[in-house]
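Q: Okay, so here is my_file.pdb, and as you'll see once you scroll down, it has PDB, C-alpha atoms.
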MODEL        1
ATOM      1  CA  MET S   1      46.090  -6.322  62.618
ATOM      2  CA  THR S   2      44.677  -8.951  60.288
ATOM      3  CA  THR S   3      45.898  -8.610  56.715
ATOM      4  CA  LEU S   4      43.767  -9.248  53.671
ATOM      5  CA  LEU S   5      45.772 -12.377  52.823
ATOM      6  CA  GLU S   6      45.242 -13.791  56.309
ATOM      7  CA  ALA S   7      41.504 -13.174  55.993
ATOM      8  CA  ARG S   8      41.526 -14.950  52.652
ATOM      9  CA  TYR S   9      43.327 -17.956  54.134
ATOM     10  CA  ARG S  10      40.846 -18.117  56.992
ATOM     11  CA  THR S  11      37.987 -18.008  54.495
ATOM     12  CA  VAL S  12      39.436 -20.977  52.611
ATOM     13  CA  LEU S  13      40.043 -22.831  55.891
ATOM     14  CA  ARG S  14      36.309 -22.689  56.557
ATOM     15  CA  LEU S  15      36.112 -25.657  54.206
ATOM     16  CA  LEU S  16      37.499 -27.699  57.114
ATOM     17  CA  PRO S  17      35.139 -29.057  59.772
ATOM     18  CA  ALA S  18      34.841 -27.079  62.986
ATOM     19  CA  TYR S  19      36.668 -29.618  65.172
ATOM     20  CA  TYR S  20      39.708 -29.523  62.894
ATOM     21  CA  ARG S  21      39.781 -25.729  62.717
ATOM     22  CA  ARG S  22      39.698 -25.460  66.489
ATOM     23  CA  GLU S  23      42.799 -27.624  66.744
ATOM     24  CA  ARG S  24      44.857 -26.536  63.743
ATOM     25  CA  GLU S  25      43.633 -23.276  62.220
ATOM     26  CA  GLU S  26      46.086 -20.927  63.957
ATOM     27  CA  GLU S  27      49.021 -23.203  63.246
ATOM     28  CA  MET S  28      48.063 -23.510  59.575
ATOM     29  CA  VAL S  29      47.624 -19.750  59.136
ATOM     30  CA  GLU S  30      51.033 -19.106  60.696
ATOM     31  CA  THR S  31      52.603 -21.677  58.388
ATOM     32  CA  TYR S  32      51.076 -20.099  55.294
ATOM     33  CA  LEU S  33      52.136 -16.566  56.282
ATOM     34  CA  GLU S  34      55.540 -17.101  57.887
ATOM     35  CA  ASP S  35      57.664 -16.590  54.742
ATOM     36  CA  LEU S  36      55.663 -13.677  53.325
ATOM     37  CA  ASP S  37      56.422  -9.989  53.732
ATOM     38  CA  ARG S  38      53.595  -8.349  55.664
ATOM     39  CA  ASP S  39      53.676  -5.282  53.397
ATOM     40  CA  THR S  40      52.830  -7.388  50.322
ATOM     41  CA  GLN S  41      50.204  -9.629  51.878
ATOM     42  CA  ASP S  42      47.301  -7.423  50.821
ATOM     43  CA  GLN S  43      48.233  -8.025  47.168
ATOM     44  CA  SER S  44      48.483 -11.814  47.487
ATOM     45  CA  ARG S  45      46.018 -14.665  47.405
ATOM     46  CA  PRO S  46      46.126 -18.356  48.370
ATOM     47  CA  THR S  47      47.482 -20.362  45.461
ATOM     48  CA  LEU S  48      45.376 -22.854  43.567
ATOM     49  CA  GLY S  49      47.531 -25.659  44.943
ATOM     50  CA  GLU S  50      46.955 -24.504  48.526
ATOM     51  CA  VAL S  51      43.194 -24.310  47.992
ATOM     52  CA  ALA S  52      43.169 -27.790  46.440
ATOM     53  CA  SER S  53      45.228 -29.138  49.347
ATOM     54  CA  ILE S  54      42.823 -27.636  51.899
ATOM     55  CA  ALA S  55      39.832 -29.028  49.995
ATOM     56  CA  ALA S  56      41.387 -32.506  49.990
ATOM     57  CA  LEU S  57      42.096 -32.191  53.709
ATOM     58  CA  ALA S  58      38.468 -31.163  54.261
ATOM     59  CA  VAL S  59      37.331 -34.384  52.608
ATOM     60  CA  ARG S  60      39.769 -36.553  54.579
ATOM     61  CA  SER S  61      38.873 -34.961  57.898
ATOM     62  CA  ARG S  62      35.176 -35.612  57.265
ATOM     63  CA  LEU S  63      35.713 -39.253  56.303
ATOM     64  CA  GLY S  64      37.093 -40.800  59.427
ATOM     65  CA  ALA S  65      40.513 -39.228  59.924
ATOM     66  CA  ALA S  66      42.273 -40.005  63.202
ATOM     67  CA  GLY S  67      40.645 -38.241  66.137
ATOM     68  CA  ALA S  68      37.509 -37.294  64.213
ATOM     69  CA  PRO S  69      34.142 -37.005  65.983
ATOM     70  CA  ARG S  70      31.794 -39.988  65.887
ATOM     71  CA  ARG S  71      29.629 -38.776  63.001
ATOM     72  CA  TYR S  72      32.659 -38.355  60.743
ATOM     73  CA  VAL S  73      34.002 -41.777  61.724
ATOM     74  CA  LEU S  74      30.660 -43.349  60.805
ATOM     75  CA  LEU S  75      30.503 -41.380  57.554
ATOM     76  CA  GLY S  76      33.992 -42.492  56.607
ATOM     77  CA  SER S  77      33.284 -46.117  57.484
ATOM     78  CA  GLY S  78      30.110 -46.084  55.395
ATOM     79  CA  ALA S  79      31.829 -44.462  52.418
ATOM     80  CA  ARG S  80      34.640 -47.028  52.502
ATOM     81  CA  LEU S  81      32.206 -49.952  52.671
ATOM     82  CA  PHE S  82      30.144 -48.447  49.835
ATOM     83  CA  ALA S  83      33.231 -48.143  47.642
ATOM     84  CA  LEU S  84      34.502 -51.640  48.489
ATOM     85  CA  ALA S  85      31.158 -53.346  47.802
ATOM     86  CA  ALA S  86      30.602 -51.466  44.544
ATOM     87  CA  VAL S  87      34.123 -52.168  43.303
ATOM     88  CA  LEU S  88      33.700 -55.874  44.127
ATOM     89  CA  PHE S  89      30.424 -56.183  42.187
ATOM     90  CA  LEU S  90      31.760 -54.227  39.223
ATOM     91  CA  ALA S  91      34.992 -56.243  39.221
ATOM     92  CA  ALA S  92      33.096 -59.526  39.063
ATOM     93  CA  SER S  93      30.958 -58.232  36.196
ATOM     94  CA  ALA S  94      34.020 -56.920  34.334
ATOM     95  CA  VAL S  95      35.588 -60.403  34.393
ATOM     96  CA  VAL S  96      32.589 -62.698  33.948
ATOM     97  CA  GLU S  97      30.686 -60.908  31.179
ATOM     98  CA  PRO S  98      33.603 -60.804  28.684
ATOM     99  CA  VAL S  99      34.486 -64.425  29.431
ATOM    100  CA  LEU S 100      30.917 -65.560  28.774
ATOM    101  CA  ARG S 101      30.697 -63.513  25.587
ATOM    102  CA  LEU S 102      34.002 -64.864  24.292
ATOM    103  CA  THR S 103      32.937 -68.408  25.102
ATOM    104  CA  TRP S 104      29.633 -67.942  23.297
ATOM    105  CA  SER S 105      31.180 -66.240  20.245
ATOM    106  CA  PHE S 106      33.914 -68.800  19.651
ATOM    107  CA  THR S 107      31.893 -71.953  20.341
ATOM    108  CA  ARG S 108      28.823 -71.195  18.196
ATOM    109  CA  GLY S 109      30.331 -71.333  14.738
ATOM    110  CA  GLY S 110      31.819 -68.934  12.259
ATOM    111  CA  ALA S 111      28.822 -66.597  12.072
ATOM    112  CA  GLU S 112      28.972 -65.755  15.772
ATOM    113  CA  ARG S 113      32.747 -65.376  15.614
ATOM    114  CA  ARG S 114      32.529 -62.963  12.685
ATOM    115  CA  LEU S 115      29.809 -60.999  14.451
ATOM    116  CA  PHE S 116      32.042 -60.638  17.483
ATOM    117  CA  LEU S 117      35.089 -59.560  15.467
ATOM    118  CA  ALA S 118      32.979 -57.010  13.576
ATOM    119  CA  ASP S 119      33.019 -54.821  16.696
ATOM    120  CA  PHE S 120      36.764 -54.314  16.238
ATOM    121  CA  THR S 121      37.115 -54.116  12.451
ATOM    122  CA  GLY S 122      35.724 -52.032   9.630
ATOM    123  CA  HIS S 123      34.913 -48.927  11.707
ATOM    124  CA  GLY S 124      38.150 -46.953  11.550
ATOM    125  CA  PRO S 125      41.051 -46.731  14.020
ATOM    126  CA  LEU S 126      39.225 -44.570  16.571
ATOM    127  CA  GLU S 127      36.236 -46.905  16.834
ATOM    128  CA  ALA S 128      38.536 -49.934  17.016
ATOM    129  CA  THR S 129      40.571 -48.318  19.786
ATOM    130  CA  VAL S 130      37.433 -47.475  21.742
ATOM    131  CA  ALA S 131      36.114 -51.018  21.312
ATOM    132  CA  VAL S 132      39.363 -52.494  22.649
ATOM    133  CA  ALA S 133      39.430 -50.003  25.533
ATOM    134  CA  GLN S 134      35.861 -50.887  26.492
ATOM    135  CA  TRP S 135      36.982 -54.479  26.862
ATOM    136  CA  ILE S 136      40.266 -53.899  28.656
ATOM    137  CA  LEU S 137      39.799 -50.828  30.872
ATOM    138  CA  PRO S 138      36.929 -52.248  33.011
ATOM    139  CA  LEU S 139      39.381 -54.861  34.275
ATOM    140  CA  GLY S 140      40.707 -51.989  36.365
ATOM    141  CA  TRP S 141      37.869 -52.763  38.809
ATOM    142  CA  THR S 142      39.541 -56.083  39.556
ATOM    143  CA  VAL S 143      42.884 -54.367  39.994
ATOM    144  CA  ALA S 144      41.275 -51.803  42.299
ATOM    145  CA  TYR S 145      39.547 -54.476  44.395
ATOM    146  CA  PHE S 146      42.642 -56.541  45.123
ATOM    147  CA  ALA S 147      44.924 -53.515  45.442
ATOM    148  CA  LEU S 148      42.566 -51.971  47.984
ATOM    149  CA  LEU S 149      42.422 -55.097  50.143
ATOM    150  CA  TYR S 150      46.201 -55.457  50.039
ATOM    151  CA  ASP S 151      46.591 -51.794  51.041
ATOM    152  CA  ARG S 152      47.959 -50.547  47.721
ATOM    153  CA  ARG S 153      45.783 -47.463  47.778
ATOM    154  CA  ARG S 154      47.363 -45.505  44.957
ATOM    155  CA  LEU S 155      47.075 -48.492  42.625
ATOM    156  CA  ALA S 156      43.472 -49.002  43.741
ATOM    157  CA  ARG S 157      42.589 -45.392  42.971
ATOM    158  CA  THR S 158      44.237 -45.588  39.563
ATOM    159  CA  GLY S 159      42.494 -48.848  38.708
ATOM    160  CA  ALA S 160      39.051 -47.541  39.670
ATOM    161  CA  LEU S 161      39.411 -44.282  37.745
ATOM    162  CA  VAL S 162      40.695 -46.081  34.651
ATOM    163  CA  ALA S 163      37.863 -48.615  34.829
ATOM    164  CA  ALA S 164      35.234 -45.863  35.002
ATOM    165  CA  VAL S 165      36.475 -44.077  31.857
ATOM    166  CA  PRO S 166      34.564 -46.195  29.265
ATOM    167  CA  THR S 167      31.218 -45.095  30.728
ATOM    168  CA  LEU S 168      31.961 -41.553  29.538
ATOM    169  CA  TRP S 169      32.379 -42.533  25.886
ATOM    170  CA  PRO S 170      28.658 -42.364  24.930
ATOM    171  CA  LEU S 171      28.419 -38.918  26.541
ATOM    172  CA  VAL S 172      31.580 -37.656  24.846
ATOM    173  CA  ARG S 173      30.500 -39.090  21.521
ATOM    174  CA  SER S 174      27.119 -37.332  21.713
ATOM    175  CA  LEU S 175      28.893 -34.017  22.275
ATOM    176  CA  THR S 176      31.564 -34.370  19.592
ATOM    177  CA  GLU S 177      29.539 -36.116  16.879
ATOM    178  CA  GLU S 178      26.052 -35.983  15.471
ATOM    179  CA  THR S 179      25.033 -38.953  17.608
ATOM    180  CA  VAL S 180      21.831 -39.092  19.636
ATOM    181  CA  ILE S 181      21.806 -41.079  22.877
ATOM    182  CA  THR S 182      18.774 -43.342  22.583
ATOM    183  CA  GLU S 183      18.578 -44.052  26.342
ATOM    184  CA  PRO S 184      20.080 -40.987  28.065
ATOM    185  CA  ALA S 185      18.817 -41.854  31.554
ATOM    186  CA  PHE S 186      20.441 -45.290  31.413
ATOM    187  CA  VAL S 187      23.716 -43.890  30.069
ATOM    188  CA  VAL S 188      23.872 -41.283  32.843
ATOM    189  CA  THR S 189      22.982 -43.716  35.645
ATOM    190  CA  LEU S 190      25.515 -46.203  34.295
ATOM    191  CA  ALA S 191      28.177 -43.487  34.427
ATOM    192  CA  LEU S 192      27.128 -42.649  37.999
ATOM    193  CA  LEU S 193      27.307 -46.342  38.914
ATOM    194  CA  ALA S 194      30.963 -46.302  37.868
ATOM    195  CA  TRP S 195      32.106 -42.833  38.915
ATOM    196  CA  LEU S 196      30.474 -42.528  42.338
ATOM    197  CA  PRO S 197      32.224 -45.676  43.679
ATOM    198  CA  ALA S 198      35.491 -44.614  42.024
ATOM    199  CA  LEU S 199      35.347 -41.164  43.621
ATOM    200  CA  ALA S 200      34.232 -42.646  46.954
ATOM    201  CA  LEU S 201      37.245 -44.962  46.858
ATOM    202  CA  CYS S 202      39.591 -42.057  46.153
ATOM    203  CA  ALA S 203      38.074 -39.881  48.890
ATOM    204  CA  ALA S 204      37.354 -42.358  51.679
ATOM    205  CA  HIS S 205      40.379 -44.652  51.399
ATOM    206  CA  HIS S 206      42.824 -41.822  52.057
ATOM    207  CA  ARG S 207      46.176 -42.139  53.755
ATOM    208  CA  ASP S 208      44.750 -41.561  57.251
ATOM    209  CA  ALA S 209      41.956 -44.127  56.854
ATOM    210  CA  PRO S 210      42.224 -47.637  58.307
ATOM    211  CA  PRO S 211      43.068 -50.465  55.886
ATOM    212  CA  ALA S 212      40.177 -51.945  53.905
ATOM    213  CA  ARG S 213      38.766 -55.145  55.379
ATOM    214  CA  LEU S 214      36.110 -57.557  54.195
ATOM    215  CA  PRO S 215      33.342 -58.448  56.680
ATOM    216  CA  GLY S 216      34.168 -62.118  56.114
ATOM    217  CA  GLY S 217      36.291 -64.367  53.908
ATOM    218  CA  THR S 218      39.512 -63.818  51.993
ATOM    219  CA  PRO S 219      39.726 -61.427  49.009
ATOM    220  CA  GLY S 220      40.052 -64.267  46.500
ATOM    221  CA  LEU S 221      37.222 -66.335  47.932
ATOM    222  CA  VAL S 222      34.821 -63.384  48.086
ATOM    223  CA  PHE S 223      35.719 -62.362  44.533
ATOM    224  CA  MET S 224      35.144 -65.916  43.322
ATOM    225  CA  ALA S 225      31.752 -65.979  45.034
ATOM    226  CA  ALA S 226      30.775 -62.705  43.330
ATOM    227  CA  CYS S 227      31.890 -64.126  39.972
ATOM    228  CA  VAL S 228      29.796 -67.268  40.539
ATOM    229  CA  VAL S 229      26.697 -65.213  41.368
ATOM    230  CA  THR S 230      27.248 -62.980  38.336
ATOM    231  CA  GLY S 231      27.893 -65.876  35.973
ATOM    232  CA  ALA S 232      24.985 -67.952  37.246
ATOM    233  CA  SER S 233      22.550 -65.063  36.910
ATOM    234  CA  LEU S 234      23.654 -64.418  33.313
ATOM    235  CA  VAL S 235      23.563 -68.075  32.306
ATOM    236  CA  LEU S 236      20.270 -68.950  33.991
ATOM    237  CA  VAL S 237      18.384 -65.844  32.805
ATOM    238  CA  PRO S 238      20.242 -64.686  29.670
ATOM    239  CA  THR S 239      17.258 -62.773  28.288
ATOM    240  CA  ALA S 240      17.378 -60.308  31.216
ATOM    241  CA  GLY S 241      21.129 -59.768  31.133
ATOM    242  CA  ASP S 242      22.450 -56.234  30.685
ATOM    243  CA  LEU S 243      25.185 -54.122  32.257
ATOM    244  CA  VAL S 244      23.267 -53.829  35.549
ATOM    245  CA  TRP S 245      22.001 -57.401  35.857
ATOM    246  CA  GLY S 246      25.133 -58.994  37.343
ATOM    247  CA  PRO S 247      26.069 -56.279  39.880
ATOM    248  CA  ALA S 248      22.435 -55.995  41.005
ATOM    249  CA  ASN S 249      22.182 -59.732  41.657
ATOM    250  CA  CYS S 250      25.423 -59.599  43.621
ATOM    251  CA  PHE S 251      23.892 -56.791  45.660
ATOM    252  CA  VAL S 252      20.765 -58.869  46.365
ATOM    253  CA  VAL S 253      22.879 -61.759  47.677
ATOM    254  CA  ALA S 254      25.106 -59.438  49.729
ATOM    255  CA  ALA S 255      22.115 -57.564  51.181
ATOM    256  CA  LEU S 256      20.393 -60.789  52.217
ATOM    257  CA  GLY S 257      23.629 -61.990  53.780
ATOM    258  CA  ARG S 258      24.070 -58.701  55.620
ATOM    259  CA  LEU S 259      20.537 -58.810  57.018
ATOM    260  CA  LEU S 260      20.870 -62.444  58.120
ATOM    261  CA  TRP S 261      24.272 -61.765  59.697
ATOM    262  CA  ARG S 262      22.850 -58.847  61.627
ATOM    263  CA  ALA S 263      19.972 -60.987  62.889
ATOM    264  CA  ARG S 264      22.466 -63.479  64.333
ATOM    265  CA  ARG S 265      25.374 -61.252  65.395
ATOM    266  CA  ALA S 266      24.163 -57.705  65.696
ATOM    267  CA  ALA S 267      27.093 -56.614  67.854
ATOM    268  CA  SER S 268      29.773 -57.580  65.327
ATOM    269  CA  VAL S 269      28.526 -55.727  62.249
ATOM    270  CA  ALA S 270      30.595 -52.855  60.866
ATOM    271  CA  PRO S 271      29.260 -49.363  61.651
ATOM    272  CA  GLY S 272      27.523 -47.802  58.678
ATOM    273  CA  GLY S 273      27.511 -51.033  56.692
ATOM    274  CA  ALA S 274      23.752 -51.246  56.222
ATOM    275  CA  LEU S 275      23.474 -47.630  55.102
ATOM    276  CA  ALA S 276      26.443 -48.089  52.757
ATOM    277  CA  LEU S 277      24.708 -51.033  51.090
ATOM    278  CA  ALA S 278      21.443 -49.078  51.025
ATOM    279  CA  ALA S 279      23.180 -46.249  49.147
ATOM    280  CA  LEU S 280      24.598 -48.736  46.657
ATOM    281  CA  GLY S 281      21.181 -50.355  46.315
ATOM    282  CA  LEU S 282      19.604 -46.989  45.567
ATOM    283  CA  LEU S 283      22.183 -46.365  42.851
ATOM    284  CA  LEU S 284      21.603 -49.803  41.311
ATOM    285  CA  LEU S 285      17.850 -49.302  41.543
ATOM    286  CA  ALA S 286      18.082 -46.035  39.597
ATOM    287  CA  ALA S 287      20.158 -47.759  36.890
ATOM    288  CA  ARG S 288      17.756 -50.698  36.741
ATOM    289  CA  VAL S 289      14.671 -48.477  36.360
ATOM    290  CA  ALA S 290      16.423 -46.399  33.683
ATOM    291  CA  ALA S 291      17.317 -49.574  31.781
ATOM    292  CA  VAL S 292      13.887 -51.216  31.931
ATOM    293  CA  TYR S 293      11.572 -48.246  31.450
ATOM    294  CA  PRO S 294      12.147 -47.680  27.676
ATOM    295  CA  TRP S 295      11.303 -51.351  26.992
ATOM    296  CA  LEU S 296       8.049 -51.603  28.928
ATOM    297  CA  ARG S 297       5.727 -50.940  25.979
ATOM    298  CA  LEU S 298       7.738 -52.631  23.259
ATOM    299  CA  PRO S 299       6.259 -55.866  21.858
ATOM    300  CA  GLY S 300       8.390 -58.942  22.361
ATOM    301  CA  ALA S 301      10.400 -57.469  25.249
ATOM    302  CA  ALA S 302       8.516 -59.373  27.962
ATOM    303  CA  PRO S 303      11.398 -61.785  28.813
ATOM    304  CA  TYR S 304      13.728 -58.846  29.420
ATOM    305  CA  THR S 305      11.258 -56.582  31.196
ATOM    306  CA  GLY S 306       9.964 -59.442  33.349
ATOM    307  CA  GLY S 307      13.420 -60.137  34.758
ATOM    308  CA  GLY S 308      14.125 -56.432  35.078
ATOM    309  CA  LEU S 309      10.917 -55.740  36.979
ATOM    310  CA  ALA S 310      11.511 -58.670  39.332
ATOM    311  CA  GLN S 311      14.992 -57.382  40.042
ATOM    312  CA  THR S 312      13.628 -53.857  40.508
ATOM    313  CA  ALA S 313      11.216 -55.107  43.179
ATOM    314  CA  ALA S 314      13.999 -56.998  44.982
ATOM    315  CA  LEU S 315      16.315 -53.990  44.874
ATOM    316  CA  ALA S 316      13.636 -51.639  46.176
ATOM    317  CA  LEU S 317      12.626 -53.940  49.043
ATOM    318  CA  LEU S 318      16.183 -54.672  50.173
ATOM    319  CA  THR S 319      17.239 -51.036  49.886
ATOM    320  CA  VAL S 320      14.374 -49.955  52.142
ATOM    321  CA  LEU S 321      15.119 -52.725  54.659
ATOM    322  CA  LEU S 322      18.809 -51.858  54.742
ATOM    323  CA  GLY S 323      17.973 -48.179  55.195
ATOM    324  CA  VAL S 324      15.715 -48.925  58.164
ATOM    325  CA  VAL S 325      18.278 -51.261  59.705
ATOM    326  CA  GLY S 326      21.062 -48.738  59.161
ATOM    327  CA  VAL S 327      19.144 -45.928  60.862
ATOM    328  CA  ARG S 328      18.411 -48.164  63.840
ATOM    329  CA  GLU S 329      22.057 -49.217  64.102
ATOM    330  CA  LEU S 330      23.196 -45.603  64.182
ATOM    331  CA  ALA S 331      20.571 -44.714  66.782
ATOM    332  CA  ARG S 332      21.870 -47.431  69.106
ATOM    333  CA  ARG S 333      25.530 -46.390  68.910
TER     334      ARG S 333
ENDMDL
END
What does this structure look like when you write it as structure tokens?

A:
Amino acid sequence: MTTLLEARYRTVLRLLPAYYRREREEEMVETYLEDLDRDTQDQSRPTLGEVASIAALAVRSRLGAAGAPRRYVLLGSGARLFALAAVLFLAASAVVEPVLRLTWSFTRGGAERRLFLADFTGHGPLEATVAVAQWILPLGWTVAYFALLYDRRRLARTGALVAAVPTLWPLVRSLTEETVITEPAFVVTLALLAWLPALALCAAHHRDAPPARLPGGTPGLVFMAACVVTGASLVLVPTAGDLVWGPANCFVVAALGRLLWRARRAASVAPGGALALAALGLLLLAARVAAVYPWLRLPGAAPYTGGGLAQTAALALLTVLLGVVGVRELARR
């Protein structure tokens, strides 16, 4: 006779995909119940830790765990490529933008230097701490990128989560103080641009997943290339530079490279790669539109909006092309 506790365990195990339940459900239920007195099982429930463990297993088994069906293998591969590409672009931006700002501030005279230092002084200890954290914590993207490619997954997860924290500060500040967010859509999309890759990294690069691999090049060389693209785009078009400008230009270069590589060597491309880039492009496109829209009708903002609109068009076109290519790749496999 099935006890109430057993029924509750089986209900929680429905979080797992069907293929995994067919293979392991009976064994897992027996393991959960083996040390419990049958007479007390109707008064017990699965613990919070057990539910969390099953939920984590449900994520891992749907993202390319060993022996998973084809659709879960493809989903896991795409999620890992999405996380790796996003972390690379964000890591390059987190290194290049502060370096360029420091160079500008300390080579343009005392006025620029004082303006830079004003961000860290005269606002109280909390504001100073936040200002320092917003400079230092994003470097976690770089830590996450190299740790991931050298198979230090725990360090990569920690680095990504730490790097994403500063994007929450405007939201937290609006809730705890009488501060109005002037561009709420941009703030939210910027937070999503950080947290979705961080969570994808944590979920998809689990202990059963294959090691992270770049489609081509060494980790250092690819990172240097992303830094060059980011730096060049900020130096050549400084009036259009914002927090999305560098990563979006890296995406444009990567998307063009992916499409050209597929045209030459269609058989060697990673499964789910085009759709992974398309998902990242859609996220960057949302952030770009949210950043540009409030400035469209403001006088004198033409240099910024012109660059933003051009980048919006490129992002939209490449995202659609990658989506079409990705669907065709999956249909052929």

Q: List every residue of region 135-226 of chain S that has an atom at most 9 Å from any atom of region 119-131 of chain S, giving for each one its closest atom pair and the distance in Å to one decimal, counting only C-alpha atoms, sorted by chain and then by ascending residue number, as a Markdown table.

A:
| residue | atom | partner | partner_atom | distance |
| --- | --- | --- | --- | --- |
| S:Trp135 | CA | S:Ala131 | CA | 6.6 |
| S:Ile136 | CA | S:Ala131 | CA | 8.9 |
| S:Pro166 | CA | S:Val130 | CA | 8.2 |
| S:Trp169 | CA | S:Val130 | CA | 8.2 |

Q: List every residue of region 88-112 of chain S that has an atom at most 12 Å from any atom of region 183-200 of chain S, and for each one report the closest atom pair and its distance in Å to one decimal, counting all atoms listed in the file, with rows sorted by chain and then by increasing residue number, as a tab-separated table.

A:
residue	atom	partner	partner_atom	distance
S:Leu88	CA	S:Pro197	CA	10.3
S:Phe89	CA	S:Pro197	CA	10.8
S:Leu90	CA	S:Ala194	CA	8.1
S:Ala91	CA	S:Ala194	CA	10.8
S:Ala94	CA	S:Ala194	CA	11.6

Q: Step by step, work through what the PyMOL selection byres ((chain S and resi 325) around 10) selects in the shown file, and finish by giving those residues as a list in words.

A: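 Going through the file, the PyMOL selection byres ((chain S and resi 325) around 10) ends up selecting Leu259, Arg262, Gly272, Gly273, Ala274, Leu275, Ala278, Thr319, Val320, Leu321, Leu322, Gly323, Val324, Gly326, Val327, Arg328, Glu329, Leu330 and Ala331 of chain S.
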
Q: Using only C-alpha atoms, determine which residues lie at most 8 Å from Thr305 (chain S), disregarding the query and same-chain residues fewer than 4 positions distant; provide the list as a list in words.

A: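 Contacts, in chain order: Ala240, Val292, Trp295, Leu296, Ala301 and Leu309 of chain S.
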
Q: Using all atoms listed in the file, which residues sit within 12 Å of His205 (chain S) once same-chain residues fewer than 2 positions away are excluded, as a VMD selection string?

A: chain S and resid 59 to 65 76 to 84 144 147 to 149 151 to 157 197 to 203 207 to 213
